[in-house]
Every structure is written in structure tokens, then in C-alpha cells.
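Text of upload36.cif, listed as mmCIF, C-alpha atoms:
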```cif
data_target
loop_
_atom_site.group_PDB
_atom_site.id
_atom_site.type_symbol
_atom_site.label_atom_id
_atom_site.label_comp_id
_atom_site.auth_asym_id
_atom_site.auth_seq_id
_atom_site.Cartn_x
_atom_site.Cartn_y
_atom_site.Cartn_z
ATOM 1 C CA MET A 28 -23.688 10.076 26.010
ATOM 2 C CA THR A 29 -26.978 8.278 26.591
ATOM 3 C CA GLU A 30 -26.607 4.697 27.772
ATOM 4 C CA GLY A 31 -26.891 2.291 24.842
ATOM 5 C CA VAL A 32 -26.309 4.930 22.159
ATOM 6 C CA CYS A 33 -22.846 5.328 20.650
ATOM 7 C CA ASP A 34 -21.573 8.738 19.543
ATOM 8 C CA PRO A 35 -21.012 8.374 15.748
ATOM 9 C CA ALA A 36 -17.773 10.343 15.884
ATOM 10 C CA LEU A 37 -16.468 8.094 18.647
ATOM 11 C CA ALA A 38 -17.595 5.012 16.733
ATOM 12 C CA ASP A 39 -15.644 6.129 13.676
ATOM 13 C CA THR A 40 -12.540 6.748 15.787
ATOM 14 C CA ILE A 41 -12.816 3.272 17.277
ATOM 15 C CA ALA A 42 -13.266 1.734 13.825
ATOM 16 C CA PHE A 43 -10.187 3.458 12.414
ATOM 17 C CA GLU A 44 -8.102 2.442 15.418
ATOM 18 C CA ASN A 45 -9.204 -1.170 15.022
ATOM 19 C CA LEU A 46 -8.325 -1.128 11.323
ATOM 20 C CA ASP A 47 -4.832 0.063 12.279
ATOM 21 C CA ARG A 48 -4.430 -2.745 14.803
ATOM 22 C CA LEU A 49 -5.729 -5.408 12.451
ATOM 23 C CA LEU A 50 -3.492 -4.169 9.678
ATOM 24 C CA ASN A 51 -0.364 -4.661 11.750
ATOM 25 C CA VAL A 52 -0.897 -8.161 13.094
ATOM 26 C CA GLU A 53 2.247 -9.672 11.636
ATOM 27 C CA MET A 54 1.848 -12.962 9.770
ATOM 28 C CA ARG A 55 5.033 -13.093 7.688
ATOM 29 C CA SER A 56 6.942 -16.316 7.246
ATOM 30 C CA ARG A 57 10.479 -16.805 8.525
ATOM 31 C CA LEU A 58 11.823 -16.268 4.999
ATOM 32 C CA LEU A 59 11.264 -12.512 5.378
ATOM 33 C CA PRO A 60 12.380 -10.129 8.139
ATOM 34 C CA ARG A 61 9.787 -10.067 10.891
ATOM 35 C CA GLY A 62 9.357 -8.548 14.313
ATOM 36 C CA ALA A 63 9.643 -4.896 13.267
ATOM 37 C CA LYS A 64 6.089 -4.190 12.135
ATOM 38 C CA TRP A 65 4.554 -2.871 15.318
ATOM 39 C CA THR A 66 7.550 -0.659 16.057
ATOM 40 C CA MET A 67 7.376 0.793 12.539
ATOM 41 C CA TYR A 68 3.666 1.413 13.044
ATOM 42 C CA GLN A 69 4.245 3.188 16.340
ATOM 43 C CA LEU A 70 6.954 5.381 14.820
ATOM 44 C CA ALA A 71 4.672 6.354 11.945
ATOM 45 C CA ARG A 72 1.824 6.979 14.359
ATOM 46 C CA GLN A 73 4.002 9.415 16.316
ATOM 47 C CA VAL A 74 4.466 11.441 13.136
ATOM 48 C CA THR A 75 0.850 11.327 12.006
ATOM 49 C CA GLY A 76 -0.748 11.761 15.405
ATOM 50 C CA MET A 77 -3.831 9.802 14.353
ATOM 51 C CA SER A 78 -4.904 6.489 12.850
ATOM 52 C CA LEU A 79 -2.756 5.804 9.796
ATOM 53 C CA VAL A 80 -5.715 4.376 7.876
ATOM 54 C CA HIS A 81 -7.730 7.481 8.687
ATOM 55 C CA ALA A 82 -4.911 9.785 7.595
ATOM 56 C CA ALA A 83 -4.431 7.934 4.291
ATOM 57 C CA ALA A 84 -8.152 7.704 3.519
ATOM 58 C CA ARG A 85 -8.567 11.457 4.112
ATOM 59 C CA VAL A 86 -6.092 12.191 1.324
ATOM 60 C CA PHE A 87 -8.398 10.465 -1.165
ATOM 61 C CA ASP A 88 -11.652 11.709 0.384
ATOM 62 C CA ARG A 89 -11.873 14.815 -1.777
ATOM 63 C CA PRO A 90 -13.650 16.087 -4.874
ATOM 64 C CA PRO A 91 -12.785 14.236 -8.102
ATOM 65 C CA ALA A 92 -9.064 14.474 -8.773
ATOM 66 C CA ARG A 93 -6.341 12.944 -10.908
ATOM 67 C CA VAL A 94 -4.680 10.145 -8.942
ATOM 68 C CA LEU A 95 -1.514 8.242 -9.829
ATOM 69 C CA LEU A 96 -0.876 4.870 -8.170
ATOM 70 C CA VAL A 97 2.710 3.599 -8.422
ATOM 71 C CA SER A 98 3.516 -0.072 -7.859
ATOM 72 C CA GLY A 99 5.191 -3.166 -9.321
ATOM 73 C CA ALA A 100 8.175 -5.262 -8.222
ATOM 74 C CA ALA A 101 9.599 -7.519 -10.926
ATOM 75 C CA VAL A 102 12.905 -9.355 -10.406
ATOM 76 C CA PRO A 103 14.445 -11.058 -13.478
ATOM 77 C CA GLY A 104 14.761 -14.808 -13.058
ATOM 78 C CA HIS A 105 12.771 -14.864 -9.829
ATOM 79 C CA MET A 106 9.672 -12.706 -10.262
ATOM 80 C CA PRO A 107 9.739 -11.989 -14.016
ATOM 81 C CA VAL A 108 6.478 -9.992 -14.069
ATOM 82 C CA GLY A 109 6.442 -9.132 -10.381
ATOM 83 C CA GLU A 110 5.073 -10.238 -7.033
ATOM 84 C CA ASN A 111 1.396 -10.182 -6.137
ATOM 85 C CA ASP A 112 1.907 -7.815 -3.198
ATOM 86 C CA GLY A 113 1.279 -4.399 -4.696
ATOM 87 C CA PRO A 114 -0.633 -5.097 -7.918
ATOM 88 C CA ILE A 115 -3.693 -6.603 -6.230
ATOM 89 C CA GLY A 116 -3.917 -3.828 -3.649
ATOM 90 C CA THR A 117 -3.371 -1.194 -6.331
ATOM 91 C CA VAL A 118 -6.251 -2.454 -8.467
ATOM 92 C CA VAL A 119 -8.558 -2.831 -5.451
ATOM 93 C CA LEU A 120 -7.815 0.741 -4.394
ATOM 94 C CA ALA A 121 -8.270 1.934 -7.987
ATOM 95 C CA ARG A 122 -11.737 0.385 -8.011
ATOM 96 C CA ALA A 123 -12.790 2.376 -4.933
ATOM 97 C CA LEU A 124 -11.233 5.594 -6.216
ATOM 98 C CA VAL A 125 -13.000 5.312 -9.566
ATOM 99 C CA ALA A 126 -16.264 4.640 -7.732
ATOM 100 C CA ILE A 127 -16.003 7.977 -5.906
ATOM 101 C CA GLY A 128 -15.191 9.885 -9.075
ATOM 102 C CA HIS A 129 -11.403 10.070 -9.302
ATOM 103 C CA ALA A 130 -9.504 9.688 -12.578
ATOM 104 C CA VAL A 131 -6.932 6.977 -11.857
ATOM 105 C CA ARG A 132 -3.760 5.899 -13.631
ATOM 106 C CA ILE A 133 -1.207 3.257 -12.656
ATOM 107 C CA LEU A 134 2.541 3.624 -13.192
ATOM 108 C CA THR A 135 4.881 0.636 -13.282
ATOM 109 C CA ASP A 136 7.869 -0.904 -15.072
ATOM 110 C CA PRO A 137 7.391 -2.448 -18.554
ATOM 111 C CA ALA A 138 8.045 -5.971 -17.240
ATOM 112 C CA ALA A 139 5.313 -5.617 -14.624
ATOM 113 C CA ALA A 140 2.688 -3.878 -16.753
ATOM 114 C CA GLY A 141 0.939 -7.007 -18.104
ATOM 115 C CA PRO A 142 -0.402 -8.269 -14.774
ATOM 116 C CA PHE A 143 -1.792 -4.848 -13.884
ATOM 117 C CA ARG A 144 -3.725 -4.800 -17.144
ATOM 118 C CA GLY A 145 -4.914 -8.355 -16.518
ATOM 119 C CA LEU A 146 -6.144 -7.522 -13.023
ATOM 120 C CA LEU A 147 -7.925 -4.446 -14.359
ATOM 121 C CA ARG A 148 -9.693 -6.624 -16.932
ATOM 122 C CA ALA A 149 -10.699 -9.055 -14.207
ATOM 123 C CA THR A 150 -12.275 -6.235 -12.189
ATOM 124 C CA GLY A 151 -13.897 -4.511 -15.168
ATOM 125 C CA LEU A 152 -11.676 -1.452 -14.849
ATOM 126 C CA ASP A 153 -9.616 -1.845 -18.018
ATOM 127 C CA ALA A 154 -11.592 0.860 -19.833
ATOM 128 C CA ARG A 155 -11.390 3.254 -16.870
ATOM 129 C CA VAL A 156 -7.775 2.994 -15.663
ATOM 130 C CA ASP A 157 -4.672 3.365 -17.842
ATOM 131 C CA VAL A 158 -1.400 1.586 -17.098
ATOM 132 C CA LEU A 159 1.667 3.709 -17.850
ATOM 133 C CA GLU A 160 5.162 2.280 -18.250
ATOM 134 C CA ILE A 161 8.339 4.006 -17.134
ATOM 135 C CA GLY A 162 11.943 3.404 -18.174
ATOM 136 C CA LEU A 163 14.876 3.147 -15.808
ATOM 137 C CA ARG A 164 16.018 6.755 -15.955
ATOM 138 C CA ASP A 165 13.036 8.652 -17.334
ATOM 139 C CA GLN A 166 13.089 11.683 -15.047
ATOM 140 C CA PRO A 167 11.236 13.926 -17.533
ATOM 141 C CA LEU A 168 8.255 11.548 -17.355
ATOM 142 C CA GLN A 169 8.406 11.631 -13.557
ATOM 143 C CA GLU A 170 8.289 15.430 -13.607
ATOM 144 C CA GLN A 171 5.411 15.412 -16.083
ATOM 145 C CA LEU A 172 3.385 12.961 -14.005
ATOM 146 C CA ALA A 173 3.998 14.957 -10.832
ATOM 147 C CA ARG A 174 2.491 17.998 -12.566
ATOM 148 C CA GLU A 175 -0.453 16.084 -14.008
ATOM 149 C CA HIS A 176 -1.776 14.494 -10.800
ATOM 150 C CA GLU A 177 -3.169 15.980 -7.609
ATOM 151 C CA VAL A 178 -2.490 12.809 -5.588
ATOM 152 C CA VAL A 179 0.425 10.390 -6.005
ATOM 153 C CA CYS A 180 0.445 7.127 -4.029
ATOM 154 C CA ALA A 181 3.115 4.408 -3.831
ATOM 155 C CA ILE A 182 2.003 0.864 -2.989
ATOM 156 C CA GLU A 183 4.864 -1.563 -2.364
ATOM 157 C CA ARG A 184 7.230 0.609 -4.391
ATOM 158 C CA LEU A 185 10.860 0.795 -3.367
ATOM 159 C CA GLY A 186 12.399 4.127 -2.426
ATOM 160 C CA GLY A 187 16.069 5.030 -2.432
ATOM 161 C CA ASN A 188 18.187 4.758 0.704
ATOM 162 C CA SER A 189 20.572 7.455 1.927
ATOM 163 C CA SER A 190 22.778 6.731 -1.111
ATOM 164 C CA GLY A 191 19.848 6.868 -3.517
ATOM 165 C CA VAL A 192 19.866 3.095 -4.166
ATOM 166 C CA ILE A 193 16.745 0.898 -4.061
ATOM 167 C CA TYR A 194 17.054 -2.425 -2.227
ATOM 168 C CA GLY A 195 14.896 -5.436 -1.479
ATOM 169 C CA ALA A 196 14.046 -6.128 2.150
ATOM 170 C CA THR A 197 17.087 -8.373 2.662
ATOM 171 C CA GLY A 198 19.676 -6.060 1.131
ATOM 172 C CA VAL A 199 19.723 -7.119 -2.543
ATOM 173 C CA SER A 200 19.861 -4.194 -4.975
ATOM 174 C CA ARG A 201 17.030 -3.739 -7.500
ATOM 175 C CA ALA A 202 18.631 -0.722 -9.165
ATOM 176 C CA GLY A 203 19.710 -2.470 -12.347
ATOM 177 C CA PHE A 204 16.238 -3.380 -13.585
ATOM 178 C CA ARG A 205 13.621 -1.345 -11.718
ATOM 179 C CA ALA A 206 12.951 2.364 -12.179
ATOM 180 C CA ASN A 207 13.789 4.543 -9.217
ATOM 181 C CA VAL A 208 10.789 6.881 -8.947
ATOM 182 C CA ASP A 209 12.076 8.932 -6.019
ATOM 183 C CA HIS A 210 12.143 12.017 -8.263
ATOM 184 C CA LEU A 211 8.413 11.670 -8.941
ATOM 185 C CA PHE A 212 7.576 11.886 -5.262
ATOM 186 C CA THR A 213 10.033 14.614 -4.332
ATOM 187 C CA THR A 214 8.801 16.679 -7.283
ATOM 188 C CA ALA A 215 5.155 16.072 -6.410
ATOM 189 C CA ARG A 216 5.737 17.232 -2.851
ATOM 190 C CA ALA A 217 7.618 20.304 -4.037
ATOM 191 C CA LEU A 218 4.625 21.158 -6.225
ATOM 192 C CA GLY A 219 2.256 20.822 -3.278
ATOM 193 C CA ARG A 220 0.653 17.601 -4.460
ATOM 194 C CA ARG A 221 -0.621 15.157 -1.850
ATOM 195 C CA THR A 222 1.436 11.975 -1.476
ATOM 196 C CA VAL A 223 0.852 8.648 0.265
ATOM 197 C CA GLY A 224 3.229 5.752 0.828
ATOM 198 C CA ILE A 225 1.931 2.262 1.611
ATOM 199 C CA GLY A 226 4.574 -0.273 2.583
ATOM 200 C CA ASP A 227 5.517 -3.129 4.862
ATOM 201 C CA GLY A 228 9.298 -3.373 5.133
ATOM 202 C CA GLY A 229 10.792 0.078 5.625
ATOM 203 C CA ASN A 230 12.403 0.052 2.174
ATOM 204 C CA GLU A 231 9.408 1.497 0.357
ATOM 205 C CA ILE A 232 8.596 5.075 -0.614
ATOM 206 C CA GLY A 233 7.122 6.901 2.367
ATOM 207 C CA PHE A 234 9.295 5.442 5.116
ATOM 208 C CA GLY A 235 11.592 8.442 4.862
ATOM 209 C CA VAL A 236 9.376 10.193 7.405
ATOM 210 C CA ILE A 237 10.623 7.765 10.057
ATOM 211 C CA HIS A 238 14.040 6.880 8.569
ATOM 212 C CA ALA A 239 16.165 8.290 11.398
ATOM 213 C CA ARG A 240 13.908 6.720 14.018
ATOM 214 C CA MET A 241 14.036 3.320 12.293
ATOM 215 C CA MET A 242 17.832 3.433 12.096
ATOM 216 C CA GLN A 243 17.915 4.044 15.826
ATOM 217 C CA ALA A 244 15.154 1.647 16.918
ATOM 218 C CA LEU A 245 15.517 -1.143 14.351
ATOM 219 C CA PRO A 246 19.122 -1.176 13.073
ATOM 220 C CA GLU A 247 19.125 -4.973 12.745
ATOM 221 C CA PHE A 248 16.473 -4.760 10.004
ATOM 222 C CA ALA A 249 18.351 -2.121 7.991
ATOM 223 C CA PHE A 250 20.927 -4.613 6.606
ATOM 224 C CA ALA A 251 23.446 -1.779 6.391
ATOM 225 C CA GLU A 252 26.360 -4.218 6.629
ATOM 226 C CA VAL A 253 24.991 -6.138 3.624
ATOM 227 C CA THR A 254 24.341 -3.279 1.199
ATOM 228 C CA PRO A 255 27.496 -2.340 -0.756
ATOM 229 C CA CYS A 256 26.865 1.370 -0.277
ATOM 230 C CA GLY A 257 26.467 0.916 3.482
ATOM 231 C CA GLY A 258 23.204 2.829 3.499
ATOM 232 C CA GLY A 259 20.994 -0.118 4.354
ATOM 233 C CA VAL A 260 17.596 -0.865 2.873
ATOM 234 C CA TYR A 261 15.473 1.778 4.614
ATOM 235 C CA SER A 262 14.110 4.433 2.264
ATOM 236 C CA VAL A 263 14.680 8.127 2.881
ATOM 237 C CA ILE A 264 11.859 9.183 0.536
ATOM 238 C CA GLU A 265 9.063 10.929 2.399
ATOM 239 C CA THR A 266 5.347 11.168 1.721
ATOM 240 C CA ASP A 267 2.682 13.258 3.418
ATOM 241 C CA VAL A 268 1.177 10.094 4.879
ATOM 242 C CA LEU A 269 2.892 6.763 5.556
ATOM 243 C CA LEU A 270 0.668 3.710 6.011
ATOM 244 C CA VAL A 271 2.483 0.729 7.575
ATOM 245 C CA ALA A 272 0.858 -2.657 6.997
ATOM 246 C CA ASN A 273 1.426 -6.402 7.354
ATOM 247 C CA SER A 274 1.492 -6.465 3.557
ATOM 248 C CA SER A 275 1.128 -3.571 1.164
ATOM 249 C CA ASN A 276 -1.962 -5.172 -0.382
ATOM 250 C CA MET A 277 -3.619 -5.120 3.030
ATOM 251 C CA GLY A 278 -2.646 -1.483 3.410
ATOM 252 C CA ALA A 279 -4.390 -0.600 0.160
ATOM 253 C CA HIS A 280 -7.427 -2.667 1.142
ATOM 254 C CA ALA A 281 -7.544 -0.792 4.455
ATOM 255 C CA VAL A 282 -7.672 2.533 2.612
ATOM 256 C CA THR A 283 -10.805 1.336 0.807
ATOM 257 C CA ALA A 284 -12.262 0.461 4.214
ATOM 258 C CA GLY A 285 -11.308 3.912 5.465
ATOM 259 C CA LEU A 286 -13.018 5.537 2.502
ATOM 260 C CA ALA A 287 -16.111 3.440 3.193
ATOM 261 C CA LEU A 288 -16.160 4.814 6.742
ATOM 262 C CA LEU A 289 -15.664 8.399 5.640
ATOM 263 C CA ARG A 290 -18.271 8.133 2.878
ATOM 264 C CA GLY A 291 -20.722 5.927 4.749
ATOM 265 C CA ASP A 292 -20.665 3.479 1.854
ATOM 266 C CA LEU A 293 -19.932 -0.174 2.620
ATOM 267 C CA SER A 294 -19.762 -1.015 -1.090
ATOM 268 C CA LEU A 295 -16.365 0.682 -1.292
ATOM 269 C CA CYS A 296 -14.879 -2.088 0.855
ATOM 270 C CA HIS A 297 -12.989 -4.972 -0.673
ATOM 271 C CA THR A 298 -14.489 -8.412 0.029
ATOM 272 C CA ALA A 299 -13.055 -11.784 1.025
ATOM 273 C CA GLU A 300 -14.466 -13.368 -2.123
ATOM 274 C CA GLN A 301 -12.833 -10.751 -4.326
ATOM 275 C CA GLU A 302 -9.533 -11.221 -2.516
ATOM 276 C CA ILE A 303 -9.497 -14.968 -3.139
ATOM 277 C CA ALA A 304 -10.511 -14.504 -6.777
ATOM 278 C CA LEU A 305 -7.852 -11.881 -7.489
ATOM 279 C CA ALA A 306 -5.152 -13.950 -5.789
ATOM 280 C CA HIS A 307 -5.855 -16.778 -8.221
ATOM 281 C CA VAL A 308 -6.163 -14.440 -11.203
ATOM 282 C CA GLY A 309 -2.716 -13.193 -10.226
ATOM 283 C CA VAL A 310 -1.295 -16.700 -10.479
ATOM 284 C CA GLY A 311 -2.621 -16.960 -14.015
ATOM 285 C CA LEU A 312 -0.927 -13.671 -14.833
ATOM 286 C CA GLY A 313 2.418 -14.875 -13.488
ATOM 287 C CA LEU A 314 2.437 -12.946 -10.214
ATOM 288 C CA VAL A 315 4.641 -14.598 -7.606
ATOM 289 C CA ASP A 316 4.398 -14.942 -3.834
ATOM 290 C CA GLY A 317 7.164 -12.570 -2.760
ATOM 291 C CA GLY A 318 7.654 -14.478 0.472
ATOM 292 C CA THR A 319 8.846 -17.657 -1.229
ATOM 293 C CA GLY A 320 9.425 -16.744 -4.878
ATOM 294 C CA THR A 321 6.921 -19.386 -5.980
ATOM 295 C CA LEU A 322 3.969 -19.032 -8.341
ATOM 296 C CA ARG A 323 1.057 -19.412 -5.962
ATOM 297 C CA ALA A 324 -1.827 -17.374 -4.574
ATOM 298 C CA TRP A 325 -0.063 -16.625 -1.276
ATOM 299 C CA CYS A 326 1.143 -13.078 -0.554
ATOM 300 C CA ASP A 327 4.394 -12.423 1.336
ATOM 301 C CA GLY A 328 4.253 -16.032 2.499
ATOM 302 C CA ILE A 329 0.700 -15.674 3.852
ATOM 303 C CA PRO A 330 -1.974 -18.092 2.574
ATOM 304 C CA PRO A 331 -4.928 -16.655 0.636
ATOM 305 C CA ALA A 332 -7.471 -17.811 3.223
ATOM 306 C CA ALA A 333 -5.694 -15.748 5.898
ATOM 307 C CA ASN A 334 -5.577 -12.676 3.662
ATOM 308 C CA ALA A 335 -9.255 -13.083 2.858
ATOM 309 C CA ALA A 336 -10.023 -13.392 6.582
ATOM 310 C CA VAL A 337 -8.314 -10.067 7.273
ATOM 311 C CA VAL A 338 -10.323 -8.464 4.460
ATOM 312 C CA GLU A 339 -13.541 -9.881 5.950
ATOM 313 C CA LEU A 340 -12.619 -8.502 9.378
ATOM 314 C CA MET A 341 -11.974 -5.068 7.849
ATOM 315 C CA ARG A 342 -15.368 -5.135 6.185
ATOM 316 C CA THR A 343 -17.014 -6.217 9.441
ATOM 317 C CA ILE A 344 -15.404 -3.338 11.343
ATOM 318 C CA VAL A 345 -16.799 -0.916 8.762
ATOM 319 C CA ALA A 346 -20.250 -2.539 8.655
ATOM 320 C CA GLN A 347 -20.565 -2.454 12.446
ATOM 321 C CA SER A 348 -19.552 1.196 12.514
ATOM 322 C CA LEU A 349 -22.026 2.175 9.784
ATOM 323 C CA ALA A 350 -24.944 0.192 11.235
ATOM 324 C CA PRO A 351 -27.769 2.381 12.621
ATOM 325 C CA ALA A 352 -27.471 3.043 16.326
ATOM 326 C CA ALA A 353 -29.997 1.206 18.472
ATOM 327 C CA THR A 354 -30.671 0.731 22.155
ATOM 328 C CA ARG A 355 -30.422 -2.728 23.661
ATOM 329 C CA PRO A 356 -33.690 -3.597 25.431
ATOM 330 C CA PHE A 357 -32.035 -5.181 28.482
#
```
Can you present the structure in this file as C-alpha cells?
Amino acid sequence: MTEGVCDPALADTIAFENLDRLLNVEMRSRLLPRGAKWTMYQLARQVTGMSLVHAAARVFDRPPARVLLVSGAAVPGHMPVGENDGPIGTVVLARALVAIGHAVRILTDPAAAGPFRGLLRATGLDARVDVLEIGLRDQPLQEQLAREHEVVCAIERLGGNSSGVIYGATGVSRAGFRANVDHLFTTARALGRRTVGIGDGGNEIGFGVIHARMMQALPEFAFAEVTPCGGGVYSVIETDVLLVANSSNMGAHAVTAGLALLRGDLSLCHTAEQEIALAHVGVGLGLVDGGTGTLRAWCDGIPPAANAAVVELMRTIVAQSLAPAATRPF
């Protein structure tokens, strides 16, 4: 390599690796389990054998396809229409996917559907992206959707543990009021569809690819002694690619950055200004900070300015990678 000139392929590799690192700088509050993120990342990296952001972005970097994004996490009495981690990232990713020609739909629970539609209106996507609602035990719909889409992606969506039960990160069951969509993902994989799981706690769809390793390396975060079934909170549901992130929103934002790298198009990246705006739109739609259970623009206990800063750093990594190569005259 000539001095002062960077190999584009090497530059892209460096950029993807830096996105991975940035994505897993843990900033959670003490109200949520913390200290497991980097280990989860390393376990997932062992399976993937490459940058997780790169692997996830490659799934979407394809000719126009039908893509289903699955998200939403409402809890009656605490988060009536859901938390903001998941919906914001889902809509941001939908924007990028629509921009590159994909036909995108969003699947969620009836209680959580309103905020998704509101965020789509705020981003001008309401005429381009449909929001589908699923009942608690609607397996026929899950089978239908698996057939209808070439790519199925979960973003902050709980997956069943070894007993088939979905749990919050601290061992509280969500089975009584939130659809278990495990069947959608197992069916999609059986049909040869591409699947992606984006999550932050080990209890989301996708973490099944490292379930046994997590149980061995991080048993204290499984809360097995708390869950009535004894299976703990870790999900056994696998996806082709697992993307571990500080928050699931940031994971989805990182995929847009990865697509920008692969496509050479900085406009696909999310921006800090958009992140701040959507966080406040979410408050107006009733989306709650999942870290504290309060109605505010924070996400998983992280202030909006910090989230926006991470988004800006992602965009900078991409911009620096896409900038024309030049020699330094000294």
C-alpha cells in the first residue's frame, strides 16, 4: 500500500469494526442489568466471524425485497403503548430500507401499534410502510408472514426461553399480554428466509445462537432462579445474524450506517438531529423510557443527548470512510 493512501477495502473493515466497538460501549443505568454487553458481543462475534454490523447490513444489501420488521414492548400499567427502545430504531431502519428499494412492513402488538404509526407520520413514511397487528396466539398469521417476506428482522422483540416463555430482562414474564412470535422466526428460517435479531439483553429473538454460551459465561444475568419455569430470561430463538448493541435502537441505527458504507451513500445514515426529534416525538406518542418506566425522551436510562452523540459518531465513522482518499503533503 502506498504511503498516505488507504486501501478502500481495509478502510471499510476498519469502519465496520469501529461501529461494532461504539455500539457496545455500555451506558445503561443501575436500574437495568449491566456488565454483560461486551461478553455477549464477543460470543456473537465468535459465531459470526466478522463485524456484527457488517453481517447484519449485508442481509439487507440486496435487490428490492419484502422485509418485515418486528418490534414493540408494551407492559400494561407501566408502558401502556410500549417503550421507546425498538420503535424508534425500527422506523429509522425502515426509512433506509425504503430508500434502497425494499417493501417494508412492521409487525407489533395492538397496544403498541399507535406509536409506530405516529413515528412513521413524523418521518414521512406513513404512506410507504404498513403497520400490522398480531394477536397473542395467531400462529397462522405468523406462518403467512414468514412466507410473504424474504427478510424478517426482530428489533427489541422478546424471544422464548428454553420453556418457550418470554421474559423481561429482570425475570418478569410478558407472556400474558405480548404475542410470542417465535413461530414466525423458526418458520422463516425453515423456509430459507433471511433473519436478523437486534437486541441488548439476551432475552430477545436472535440470542438463541449464543444461548448455551451465555448460560455458561453469564449465568448471573439469566435470572433462572427468579423465573417460575426455571429457564431464565435468555432466548433460545436463533436468527441468521445476531446484532448485540447497547440499546436495540442503536443497533438498528448502526445497520443504517452499515448500509451507507456498503452502498457508498451517507444519506442512508441516521442523524443526531433526527434522533433528538424522534425521541421527543416518542414522548408525545406515549413511549416510555424502559430504563426507568417514566415518560421521557431517554432510552434504556440513557439521556437523549448521549444517544444523539453516538449517532453522530456513527455518521462520522461512515463519512470518514467514504471520503475520497488523498495524500497528506507532509
Residue contacts of A:Thr283 (7 Å, all atoms listed in the file) excluding same-chain residues fewer than 4 positions away, as a count of residues only: 7
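The residue that comes closest to A:Ile193, out of A:Asp88, A:Glu300, A:Glu231, A:Glu247 and on the basis of only C-alpha atoms, is A:Glu231.
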Listing only residues of stretch 207-244 of chain A within 12 Å of stretch 70-78 of chain A, what is the closest atom pair and its distance in Å (to one decimal) for each, using only C-alpha atoms, sorted by chain and residue number ascending, as CSV?
```
residue,atom,partner,partner_atom,distance
A:Gly224,CA,A:Ala71,CA,11.2
A:Ile225,CA,A:Ala71,CA,11.4
A:Gly226,CA,A:Ala71,CA,11.5
A:Asp227,CA,A:Ala71,CA,11.9
A:Gly229,CA,A:Ala71,CA,10.8
A:Gly233,CA,A:Ala71,CA,9.9
A:Phe234,CA,A:Ala71,CA,8.3
A:Gly235,CA,A:Ala71,CA,10.1
A:Val236,CA,A:Ala71,CA,7.6
A:Ile237,CA,A:Ala71,CA,6.4
A:His238,CA,A:Leu70,CA,9.6
A:Ala239,CA,A:Leu70,CA,10.2
A:Arg240,CA,A:Leu70,CA,7.1
A:Met241,CA,A:Leu70,CA,7.8
A:Met242,CA,A:Leu70,CA,11.4
A:Gln243,CA,A:Leu70,CA,11.1
A:Ala244,CA,A:Leu70,CA,9.3
```
Expansion of the PyMOL selection byres ((chain A and resi 217-222) around 6) into residues, as a list in words: Glu177, Val178, Val179, Cys180, Thr214, Ala215, Arg216, Val223, Thr266 and Asp267 of chain A
Explicit residue set for the PyMOL selection byres ((chain A and resi 105) around 10), as a PyMOL selection string: chain A and resi 101-104+106-110+315+317+319-322
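The residues that lie within 8 Å of the point (1.0, -8.1, -12.5), counting all atoms listed in the file, are Gly99, Val108, Gly109, Glu110, Asn111, Pro114, Ile115, Ala139, Ala140, Gly141, Pro142, Phe143, Arg144, Gly145, Leu146, Gly309, Leu312, Gly313 and Leu314 of chain A.
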Near A:Tyr261, counting only C-alpha atoms, which residues have an atom at most 6 Å away, once you skip same-chain residues fewer than 5 positions from it, shown as a compact mmCIF listing (two decimals) with C-alpha atoms, keeping the file's coordinate frame?
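The new file around06.txt reads:
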```txt
# COMPACT_ATOMS: atom_id res chain seq x y z
CA ASN A 188 18.19 4.76 0.70
CA GLY A 229 10.79 0.08 5.62
CA ASN A 230 12.40 0.05 2.17
CA ALA A 249 18.35 -2.12 7.99
```
Nearest-residue call for A:Val119, choices A:Val80, A:Val271, A:Val282, A:Leu163, using all atoms listed in the file: A:Val282
Distance in Å - atom CA of A:Met277 versus atom CA of A:Thr254: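 Atom-to-atom, atom CA of A:Met277 to atom CA of A:Thr254, that is 28.1 Å.
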Radius query 8 Å about (-2.4, 3.0, -16.5), atoms used: all atoms listed in the file, as number ranges by chain: A: 131-134, 144, 156-160
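Of the listed residues (A:Thr150, A:Gln301, A:Ser200, A:Thr135), A:Gln301 comes nearest to A:Glu339; the distances count all atoms listed in the file.
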Neighbour list for A:Ala304 as a PyMOL selection string, cut-off 10 Å, only C-alpha atoms, skip fewer than 3 positions in-chain: chain A and resi 149+298-301+307-309+324+331+335
Output check: residues returned by the PyMOL selection byres ((chain A and resi 48) around 12), as a count of residues only: 29
A:Ala333, A:Ala352, A:Ile232, A:Ala138 ranked by distance to A:Gly187, top pick (using only C-alpha atoms):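 Among the listed residues, A:Ile232 lies closest to A:Gly187.
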Separation of atom CA of A:Gly258 from atom CA of A:Asp209 in Å: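 Interatomic distance here is 15.9 Å.
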